[in-house]
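**Q** Compact mmCIF, C-alpha atoms, saved as model.txt, coming up:
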```txt
# COMPACT_ATOMS: atom_id res chain seq x y z
CA MET M 1 18.59 40.00 -27.29
CA ARG M 2 15.09 38.70 -26.62
CA LYS M 3 14.15 36.60 -29.67
CA LEU M 4 15.78 34.99 -32.68
CA ILE M 5 13.28 34.00 -35.37
CA ILE M 6 14.49 31.75 -38.19
CA LYS M 7 12.77 32.43 -41.52
CA ASN M 8 11.88 29.80 -44.15
CA ASN M 9 14.29 31.35 -46.69
CA GLY M 10 17.31 30.83 -44.41
CA GLY M 11 17.37 34.36 -43.05
CA PHE M 12 16.51 35.42 -39.52
CA LEU M 13 14.99 38.21 -37.46
CA LEU M 14 16.72 39.45 -34.34
CA ILE M 15 14.55 41.15 -31.69
CA SER M 16 16.19 43.00 -28.81
CA GLU M 17 15.12 45.38 -26.07
CA ASN M 18 17.06 48.01 -24.17
CA ALA M 19 16.55 46.77 -20.60
CA TYR M 20 18.59 47.26 -17.46
CA VAL M 21 18.27 47.45 -13.67
CA THR M 22 19.88 49.99 -11.37
CA THR M 23 20.06 50.08 -7.59
CA ARG M 24 19.92 53.32 -5.68
CA THR M 25 20.60 53.55 -1.97
CA THR M 26 19.16 56.39 0.04
CA ILE M 27 20.21 57.28 3.57
CA THR M 28 17.59 58.85 5.75
CA PRO M 29 18.96 62.05 7.29
CA GLY M 30 18.80 61.91 11.02
CA PHE M 31 20.72 61.66 14.14
CA GLY M 32 23.98 60.17 12.88
CA TYR M 33 25.94 57.00 13.28
CA TYR M 34 26.82 57.44 16.94
CA SER M 35 23.28 58.25 18.01
CA TRP M 36 21.37 55.63 19.99
CA TYR M 37 18.63 56.03 17.32
CA TYR M 38 20.96 54.70 14.61
CA ASN M 39 19.87 51.39 13.08
CA PRO M 40 21.24 50.46 9.61
CA ALA M 41 18.15 48.38 8.87
CA TYR M 42 15.93 51.45 9.09
CA ASN M 43 18.26 54.20 7.88
CA ASP M 44 19.38 52.57 4.61
CA ARG M 45 16.95 51.80 1.83
CA SER M 46 17.95 50.27 -1.48
CA ILE M 47 15.60 50.90 -4.36
CA ARG M 48 15.76 48.75 -7.49
CA GLU M 49 14.83 50.70 -10.60
CA TYR M 50 13.75 48.87 -13.75
CA HIS M 51 14.24 50.50 -17.14
CA PHE M 52 12.77 49.07 -20.35
CA GLY M 53 13.44 51.09 -23.48
CA ASP M 54 13.13 50.75 -27.23
CA ILE M 55 12.63 47.48 -29.07
CA LEU M 56 14.93 46.89 -32.07
CA ALA M 57 13.94 44.49 -34.86
CA MET M 58 16.58 43.59 -37.46
CA ASP M 59 15.99 41.46 -40.57
CA PHE M 60 18.92 39.52 -42.07
CA ASN M 61 19.01 37.49 -45.27
CA GLU M 62 20.47 33.98 -45.62
CA ASN M 63 23.97 35.45 -46.08
CA GLY M 64 23.78 37.40 -42.81
CA GLU M 65 23.38 40.77 -44.58
CA LEU M 66 21.12 43.32 -42.90
CA LEU M 67 18.00 43.99 -45.00
CA TRP M 68 16.28 46.50 -42.69
CA HIS M 69 15.96 47.52 -39.05
CA ARG M 70 13.18 49.29 -37.11
CA PHE M 71 13.00 50.81 -33.67
CA ILE M 72 9.76 50.59 -31.73
CA ARG M 73 10.00 53.53 -29.37
CA LYS M 74 8.99 53.07 -25.75
CA ASP M 75 10.22 54.22 -22.36
CA GLN M 76 9.15 52.30 -19.26
CA TYR M 77 10.35 52.84 -15.71
CA SER M 78 9.31 51.28 -12.41
CA GLN M 79 10.63 50.70 -8.91
CA ASP M 80 10.73 47.58 -6.75
CA ASP M 81 8.28 45.56 -8.87
CA ARG M 82 10.77 43.46 -10.88
CA GLY M 83 9.51 45.26 -14.00
CA LEU M 84 6.27 43.27 -13.87
CA PHE M 85 4.20 45.70 -15.97
CA SER M 86 7.07 46.62 -18.29
CA SER M 87 8.69 45.00 -21.33
CA TYR M 88 6.42 43.60 -24.07
CA GLY M 89 4.48 40.65 -25.40
CA MET M 90 4.96 39.47 -28.99
CA LEU M 91 2.69 37.64 -31.41
CA ASN M 92 4.18 36.10 -34.54
CA SER M 93 1.51 35.54 -37.22
CA GLY M 94 4.02 34.50 -39.88
CA ALA M 95 3.57 37.69 -41.91
CA THR M 96 3.52 40.22 -39.09
CA LEU M 97 5.12 40.60 -35.67
CA VAL M 98 2.79 42.32 -33.19
CA PHE M 99 4.20 43.89 -30.04
CA LEU M 100 2.00 44.80 -27.06
CA PHE M 101 3.28 47.02 -24.25
CA ASN M 102 2.13 49.45 -21.56
CA ASN M 103 2.70 53.14 -22.15
CA PHE M 104 3.12 55.04 -18.88
CA THR M 105 4.18 58.36 -20.41
CA SER M 106 0.81 60.12 -20.17
CA ASN M 107 -1.50 60.95 -17.27
CA LYS M 108 -3.54 57.85 -18.05
CA SER M 109 -1.76 54.68 -18.95
CA SER M 110 -2.45 53.18 -22.34
CA ILE M 111 -1.70 50.03 -24.24
CA ASP M 112 0.36 50.40 -27.41
CA ILE M 113 0.26 47.85 -30.19
CA ALA M 114 2.98 47.96 -32.83
CA ALA M 115 2.65 45.81 -35.96
CA LEU M 116 5.79 45.13 -37.97
CA ASN M 117 5.28 43.67 -41.45
CA ALA M 118 7.72 41.43 -43.32
CA ASP M 119 8.95 44.38 -45.42
CA GLY M 120 9.77 46.45 -42.31
CA THR M 121 6.65 48.66 -42.37
CA LEU M 122 5.69 49.67 -38.84
CA GLN M 123 2.25 50.74 -37.61
CA VAL M 124 1.64 51.80 -34.00
CA HIS M 125 -1.80 52.15 -32.39
CA LYS M 126 -2.53 53.50 -28.93
CA PHE M 127 -5.50 52.30 -26.85
CA GLN M 128 -6.60 54.28 -23.81
CA THR M 129 -7.44 51.95 -20.95
CA GLY M 130 -9.17 54.64 -18.89
CA ASN M 131 -9.58 54.63 -15.13
CA LYS M 132 -11.03 51.12 -15.06
CA GLY M 133 -8.62 49.58 -17.53
CA GLY M 134 -6.93 47.29 -15.04
CA ASP M 135 -3.29 46.32 -15.01
CA TRP M 136 -1.85 44.57 -18.04
CA ILE M 137 1.18 42.28 -17.91
CA PRO M 138 2.19 42.02 -21.58
CA SER M 139 5.38 40.05 -20.93
CA TYR M 140 3.20 37.14 -19.73
CA ALA M 141 1.16 37.08 -22.98
CA LEU M 142 0.76 33.62 -24.45
CA GLN M 143 0.23 33.03 -28.17
CA THR M 144 -2.44 30.33 -28.57
CA LYS M 145 -3.09 30.43 -32.35
CA SER M 146 -1.47 32.15 -35.33
CA LYS M 147 -3.48 35.35 -34.71
CA GLU M 148 -4.60 34.94 -31.11
CA TRP M 149 -3.04 35.45 -27.72
CA ILE M 150 -4.05 35.61 -24.08
CA VAL M 151 -2.87 38.51 -21.96
```
Can you turn what I pasted into structure tokens?

**A**
Amino acid sequence: MRKLIIKNNGGFLLISENAYVTTRTTITPGFGYYSWYYNPAYNDRSIREYHFGDILAMDFNENGELLWHRFIRKDQYSQDDRGLFSSYGMLNSGATLVFLFNNFTSNKSSIDIAALNADGTLQVHKFQTGNKGGDWIPSYALQTKSKEWIV
């Protein structure tokens, strides 16, 4: 679970993200344990893999009954960067939740913006950043006004 948003009518929105970390250890093939070349510091390498998947938004009424749920599809993967460019940023305008995240699934990375209205309607837009688009860190986005944020 990433966010719990309390609504004015007593209901709430629950926002979660499928996120997990795995560690993979690789052993460099070589001369073997009893060789004078053997050094565990150089032959073993642990790689931390960061996986950030779909976002799930669920809307509950004041009685705790589920009104609707929506998946925002995304698949992000990185290694040894603590997932810096993964996950998402969220803006809450009161009527709409806006999610911003990197999309690494194509040859050129893009920024996806998903807008989720109060009735559960979802709109997703893709913006190509091109070769000079820079690196975006959506999880560090800061909402400064009701419809403004800094990324």

**Q** Would you mind listing what lies within 7 Å of Ile150 in chain M as a list in words, with only C-alpha atoms counted and same-chain residues fewer than 6 positions away left out?

**A**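 After dropping sequence-adjacent residues, the list is Ala141, Leu142 and Gln143 of chain M.
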
**Q** Compare M:Arg70, M:Arg82, M:Lys147, M:Arg2 by their minimum atom-to-atom distance to Asn117 in chain M, counting all atoms listed in the file, and give me the closest one.

**A**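 Nearest to Asn117 in chain M: M:Arg70.
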
**Q** Given all atoms listed in the file as the basis, pick out the residue of M:Asn8, M:Gln79, M:Asn103, M:Ser93 nearest to Arg24 in chain M.

**A**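 The answer is M:Gln79, which sits nearest to Arg24 in chain M.
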
**Q** Give me, please, the distance in Å between CA of Lys3 in chain M and CA of Ile111 in chain M, quoted to one decimal.

**A**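 Computing the Euclidean distance for CA of Lys3 in chain M and CA of Ile111 in chain M yields 21.5 Å.
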
**Q** May I have the residues at most 12 Å from (4.6, 47.4, -41.9) in the file's coordinates, counting only C-alpha atoms, as a PyMOL selection string?

**A** chain M and resi 68-70+72+95-98+114-124

**Q** Between CA of Ile137 in chain M and CA of Asp75 in chain M, what distance in Å does the model show, to one decimal?

**A**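 Separating CA of Ile137 in chain M from CA of Asp75 in chain M is a distance of 15.6 Å.
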
**Q** Could you tell me how far CA of Val21 in chain M lies from CA of Trp136 in chain M, in Å and to one decimal?

**A**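 The value is 20.8 Å.
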